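Below is one structure, written out as structure tokens, with a few remarks after it.
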Amino acid sequence: MKNNKFYISTAIAYTSAKPHIGNTYEVVLADVIARYKRLQGYDVYFQTGTDEHGEKIELKAKEANKTPQEYVDGIASSIRDIWNVVNTSYDKFVRTTDKEHEKVVQHLFKKFYDQGDIYKGEYKGLYCTPCESFWTESQLVDGKCPDCGREVKEACEEAYFFKMSKYSKWLEEYIEEHPNFIEPEARKNEIINTFIKPGLQDLCVSRTSFKWGIPVSFDDNHVVYVWIDALSNYITFLGYDVDSVSDNFKKYWPCDIHLIGKDILRFHAIYWPIMLHCLGLELPHKIFGHPWLLFGSDKMSKSRGNIVYADDLVNEFGVDAVRYYLIHEMPFASDGTFTRELLIESINTNLANVLGNLVNRTIGMINKYFNGKVINSNCSEEIDNELIDMALNIKNVIENDMNNLRIADSLDHLFDLFRRCNKYIDETMPWVLAKDDSKTDRLNTVLYNLIESIRIGTVLLQAYLPDTSKKIFEQINTSYTSYDTLDRFGYYDSDNVGVSSVLFQRIDNK
């Protein structure tokens with residue numbers, strides 16, 4: 001495999017509050033991609049973590065009667081706990097209060113200043129504290145912050161600015177010349193038409209009105225404002241500094257995919273590429289702005305009182321049920337919906353009925369008719385071909401979906417194989433074959449085709465539902481779990497299956 005590395009990142013979570021299920025979707029999505037790439041044999045580096053500076057945190061810490069550091073330590077710990085609860089396989093969990101990161105951010109700021117990309121000026125504008133964003137009058141929606149809908153206040157202070165306007169034309173041309181750089185297409189068009197074509201404004205990159213931030217090394221009155229601090233995490237923790245780079249940086253940069261919520265896409269698709277360009281670094285291959293997970297038809301927010309937390313759902317329904325729902329219910333480019341009713345329906349319909357029932361029935365029949373022994377008598381019939389062809393082609397189908405970041409589609413297509421297995425049971429009617437001694441070889445072959453199709457599907461299922469996959473492999477008693485066993489039908493060679501146990505309990509909606 002050429003260039004066998006793969007670097008995927010999530011946005012770093014802001015440490016103002018515990019993340020809800022909508023925030024958790026992004027890290028699960030990244031985990032599925034990372035696990036899939038590892039299955040394929042890639043050397044994967046998966047980075048996530050926390051963004052820990054800013055005025056909002058300073059205020060939250062004061063309200064909680066804590067120092068800002070104590071406050072972010074607690075929230076960062078809870079974020080890491082939730083990422084662990086949903087079984088994400090990140091390689092690095094970063095924190096922007098890391099001293100090495102802070103030192104490199106100071107170096108970056110100074111480099112930008114020395115080469116004329118940053119200048120000192122004065123900011124007058126309308127400021128939203130929760131979003132830590134300045135807005136012009138024309139950008140407000142009904143006089144309020146266009147991102148969160150809260151009140152803004154007039155602010156005026158001395159600040160350093162990044163000359164984004166200088167690179168507007170360059171960025172527009174780069175995006176046009178690299179059509180897959182920003183996805184989905186609608187997000188790319190929004191970035192170009194709403195933000196770049198009207199002309200980029202220079203970006204405020206320092207503040208004097210609060211202290212909880214990385215000090216500007218050559219001006220004690222200023223702290224580095226969020227963007228240079230937060231966005232640079234993707235390179236600083238890989239070992240980048242302005243005058244030296246680590247072997248890790250040389251190995252993994254540029255990032256293959258930055259996974260970003262659509263609400264913060266512009267920071268990653270405008271500010272970050274320009275900063276990298278000014279550092280003379282290659283840009284990430286792709287910035288993917290994923291949709292939101294809505295609560296019913298509303299965005300989750302504390303003010304609406306509709307917050308749902310992943311750890312609560314995992315405690316109630318199990319980790320793989322929650323992972324399945326998050327992946328399955330989020331289409332490529334449009335928002336997904338969370339309700340408890342839909343989660344329960346998803347568990348009952350797909351996990352219990354399709355997958356759980358298939359594994360349970362197949363192992364049950366092998367144990368009932370052959371005392372658990374698995375023999376392929378090669379007594380094939382025409383009806384077998386469709387199932388075998390589908391099992392052999394599923395690798396290519398999933399690969400195509402994954403390459404196009406159609407992650408929900410890929411999971412659907414994988415479950416199509418399990419649905420086809422269930423249909424094959426209905427078509428071949430093993431319980432009828434079992435009544436006729438002359439059909440023993442045929443029954444052997446039917447059950448072998450089922451157990452091998454389950455094995456093939458489960459190899460790929462490891463990317464999505466790792467715990468469930470492990471249980472299935474134990475129940476069907478196979479060690480052939482690697483990606484390179486998907487190229488032919490017939491790797492299953494265990495003498496005996498194990499004992500089946502329920503993978504997913506059906507849930508009474510009441």
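Each chain in the structure tokens gets a letter, A, B, ..., in the order shown, and its residues are numbered from 1; ligands are numbered from 1 in order too.
Residue neighbourhood of Glu474 of chain A, excluding near-sequence residues (fewer than 6 positions): A:Val359, A:Ile363, A:Arg455, A:Thr458, A:Asp467, A:Thr468, A:Tyr480, A:Thr481, A:Ser494, A:Asn496, A:Val497, A:Gly498, A:Val499, A:Ser500, A:Ser501, A:Leu503, at 12 Å, using only C-alpha atoms.
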With C-alpha atoms retained, export the selected residues as a PDB file, in the first residue's frame.
```pdb
ATOM      1  CA  VAL A 359     -26.379 -14.939  14.532  1.00  0.00           C
ATOM      2  CA  ILE A 363     -25.554 -20.942  15.612  1.00  0.00           C
ATOM      3  CA  ARG A 455     -17.854 -13.944   9.402  1.00  0.00           C
ATOM      4  CA  THR A 458     -18.372  -9.140  11.015  1.00  0.00           C
ATOM      5  CA  ASP A 467     -17.605  -4.942  21.089  1.00  0.00           C
ATOM      6  CA  THR A 468     -20.422  -6.701  19.209  1.00  0.00           C
ATOM      7  CA  TYR A 480     -10.189 -15.221  10.725  1.00  0.00           C
ATOM      8  CA  THR A 481     -11.009 -11.620  11.539  1.00  0.00           C
ATOM      9  CA  SER A 494     -13.412 -24.030  12.683  1.00  0.00           C
ATOM     10  CA  ASN A 496     -17.266 -26.197  16.004  1.00  0.00           C
ATOM     11  CA  VAL A 497     -19.272 -23.067  16.627  1.00  0.00           C
ATOM     12  CA  GLY A 498     -19.571 -21.762  20.172  1.00  0.00           C
ATOM     13  CA  VAL A 499     -22.723 -21.089  22.128  1.00  0.00           C
ATOM     14  CA  SER A 500     -24.943 -18.220  21.051  1.00  0.00           C
ATOM     15  CA  SER A 501     -26.011 -15.547  23.506  1.00  0.00           C
ATOM     16  CA  LEU A 503     -26.386  -9.688  21.292  1.00  0.00           C
TER      17      LEU A 503
END
```
TODO: Compile the contact shell of Ile454 of chain A as a ChimeraX atom specification: residues with an atom at most 9 Å away, counting only C-alpha atoms, same-chain residues fewer than 2 positions apart removed.
DONE: /A:358-359,391,417-418,421,449-452,456-459,472,476
Task: Residues near segment 403-412 of chain A, cut-off 8 Å, only C-alpha atoms, skip fewer than 5 positions along chain, as a list in words - done: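 What passes the distance filter is Leu29, Ile327, His328, Glu329, Met330, Pro331, Phe332, Val397, Ile398 and Tyr464 of chain A.
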Selection export as a PDB file, in the first residue's frame, atoms kept: N, CA and C atoms:
```pdb
ATOM      1  N   LEU A  29     -17.907   9.212  14.724  1.00  0.00           N
ATOM      2  CA  LEU A  29     -17.725   9.183  13.267  1.00  0.00           C
ATOM      3  C   LEU A  29     -16.240   9.038  12.922  1.00  0.00           C
ATOM      4  N   ILE A 327     -24.163   6.667  14.043  1.00  0.00           N
ATOM      5  CA  ILE A 327     -23.627   6.531  12.686  1.00  0.00           C
ATOM      6  C   ILE A 327     -24.758   6.424  11.673  1.00  0.00           C
ATOM      7  N   HIS A 328     -25.753   5.611  11.991  1.00  0.00           N
ATOM      8  CA  HIS A 328     -26.813   5.292  11.033  1.00  0.00           C
ATOM      9  C   HIS A 328     -27.759   6.452  10.773  1.00  0.00           C
ATOM     10  N   GLU A 329     -28.000   7.251  11.810  1.00  0.00           N
ATOM     11  CA  GLU A 329     -29.036   8.289  11.686  1.00  0.00           C
ATOM     12  C   GLU A 329     -28.519   9.614  11.145  1.00  0.00           C
ATOM     13  N   MET A 330     -27.232   9.692  10.800  1.00  0.00           N
ATOM     14  CA  MET A 330     -26.678  10.960  10.318  1.00  0.00           C
ATOM     15  C   MET A 330     -26.350  10.858   8.840  1.00  0.00           C
ATOM     16  N   PRO A 331     -27.230  11.383   7.979  1.00  0.00           N
ATOM     17  CA  PRO A 331     -26.955  11.325   6.545  1.00  0.00           C
ATOM     18  C   PRO A 331     -25.703  12.126   6.193  1.00  0.00           C
ATOM     19  N   PHE A 332     -25.257  11.989   4.941  1.00  0.00           N
ATOM     20  CA  PHE A 332     -24.014  12.599   4.469  1.00  0.00           C
ATOM     21  C   PHE A 332     -24.015  14.111   4.651  1.00  0.00           C
ATOM     22  N   VAL A 397     -18.011  -2.480  -1.861  1.00  0.00           N
ATOM     23  CA  VAL A 397     -19.118  -1.542  -1.615  1.00  0.00           C
ATOM     24  C   VAL A 397     -18.774  -0.616  -0.454  1.00  0.00           C
ATOM     25  N   ILE A 398     -18.303  -1.216   0.650  1.00  0.00           N
ATOM     26  CA  ILE A 398     -17.953  -0.436   1.842  1.00  0.00           C
ATOM     27  C   ILE A 398     -16.792   0.506   1.540  1.00  0.00           C
ATOM     28  N   TYR A 464     -17.390  -0.413  13.103  1.00  0.00           N
ATOM     29  CA  TYR A 464     -18.572   0.291  13.602  1.00  0.00           C
ATOM     30  C   TYR A 464     -18.933  -0.135  15.026  1.00  0.00           C
TER      31      TYR A 464
END
```
Open item on the list: With only C-alpha atoms as the counted atoms, please give the residues lying no more than 9 Å from Ile507 of chain A, apart from itself and same-chain residues fewer than 3 positions off, as an MDAnalysis selection string.
Closed with: chainID A and resid 344:345 347:348 504 510
Okay, now the selection with C-alpha atoms, as an mmCIF file, in the first residue's frame?
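selection.cif, freshly written:
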```cif
data_model
loop_
_atom_site.group_PDB
_atom_site.id
_atom_site.type_symbol
_atom_site.label_atom_id
_atom_site.label_comp_id
_atom_site.auth_asym_id
_atom_site.auth_seq_id
_atom_site.Cartn_x
_atom_site.Cartn_y
_atom_site.Cartn_z
ATOM 1 C CA ILE A 344 -35.353 2.025 20.576
ATOM 2 C CA GLU A 345 -36.813 1.335 17.119
ATOM 3 C CA ILE A 347 -32.194 -1.312 18.350
ATOM 4 C CA ASN A 348 -35.255 -3.530 17.854
ATOM 5 C CA PHE A 504 -29.166 -7.103 21.666
ATOM 6 C CA LYS A 510 -43.634 1.324 26.813
#
```
Task: 9 Å contact set for Gly54 of chain A, only C-alpha atoms, chain neighbours under 4 positions out, as a ChimeraX atom specification - done: /A:58-59,132,210-213,225-226
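Proximity ranking of A:Lys373, A:Arg340, A:Lys286, A:Arg187 relative to Phe6 of chain A places A:Lys286 first, based on only C-alpha atoms.
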- [ ] List every residue of segment 281-508 of chain A that DSSP, applied to the backbone of this structure, places in strand (DSSP E or B), and write the result as an NGL selection string.
- [x] :A and (287-290 or 293-295 or 298 or 336-338 or 373 or 496)
Open item on the list: Calculated over only C-alpha atoms, which of the candidates A:Asp219, A:Glu151, A:Asp229, A:Asp98 has the smallest distance to Tyr113 of chain A?
Closed with: A:Asp219
Task: A:Asn367, A:Asn378, A:Ser138, A:Ser346 ranked by distance to Gln475 of chain A, top pick (using only C-alpha atoms) - done: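 Of A:Asn367, A:Asn378, A:Ser138, A:Ser346, the one nearest Gln475 of chain A is A:Asn367, counting only C-alpha atoms.
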Open item on the list: Give me, as number ranges by chain, all polymer residues having an atom no more than 7 Å from segment 37-39 of chain A, counting only C-alpha atoms and skipping those fewer than 5 positions away in the same chain.
Closed with: A: 44, 482-483
Selected residues, C-alpha atoms, written as a CSV table (one decimal), in the first residue's frame, please.
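Heads up, here's the output in selection12.csv:
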```csv
chain,number,residue,atom,x,y,z
A,44,VAL,CA,-3.5,5.6,11.5
A,482,SER,CA,-8.6,-9.6,9.3
A,483,TYR,CA,-9.3,-7.6,6.2
```
Open item on the list: Which residues are near segment 266-282 of chain A? Cut-off 7 Å, only C-alpha atoms, ignore same chain within fewer than 4 positions. Put them as a list in words.
Closed with: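 Non-adjacent residues within range: Tyr167, Ile191, Leu231, Pro254 and Ile287 of chain A.
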Keeping only C-alpha atoms, write the selected residues as a short mmCIF file (atom, residue, chain, number, x, y, z; two decimals), in the first residue's frame.
```cif
data_model
loop_
_atom_site.label_atom_id
_atom_site.label_comp_id
_atom_site.auth_asym_id
_atom_site.auth_seq_id
_atom_site.Cartn_x
_atom_site.Cartn_y
_atom_site.Cartn_z
CA TYR A 167 -4.96 35.95 1.09
CA ILE A 191 -17.70 29.12 2.26
CA LEU A 231 -6.48 25.62 15.28
CA PRO A 254 -0.67 16.74 6.02
CA ILE A 287 -12.05 19.33 5.51
#
```
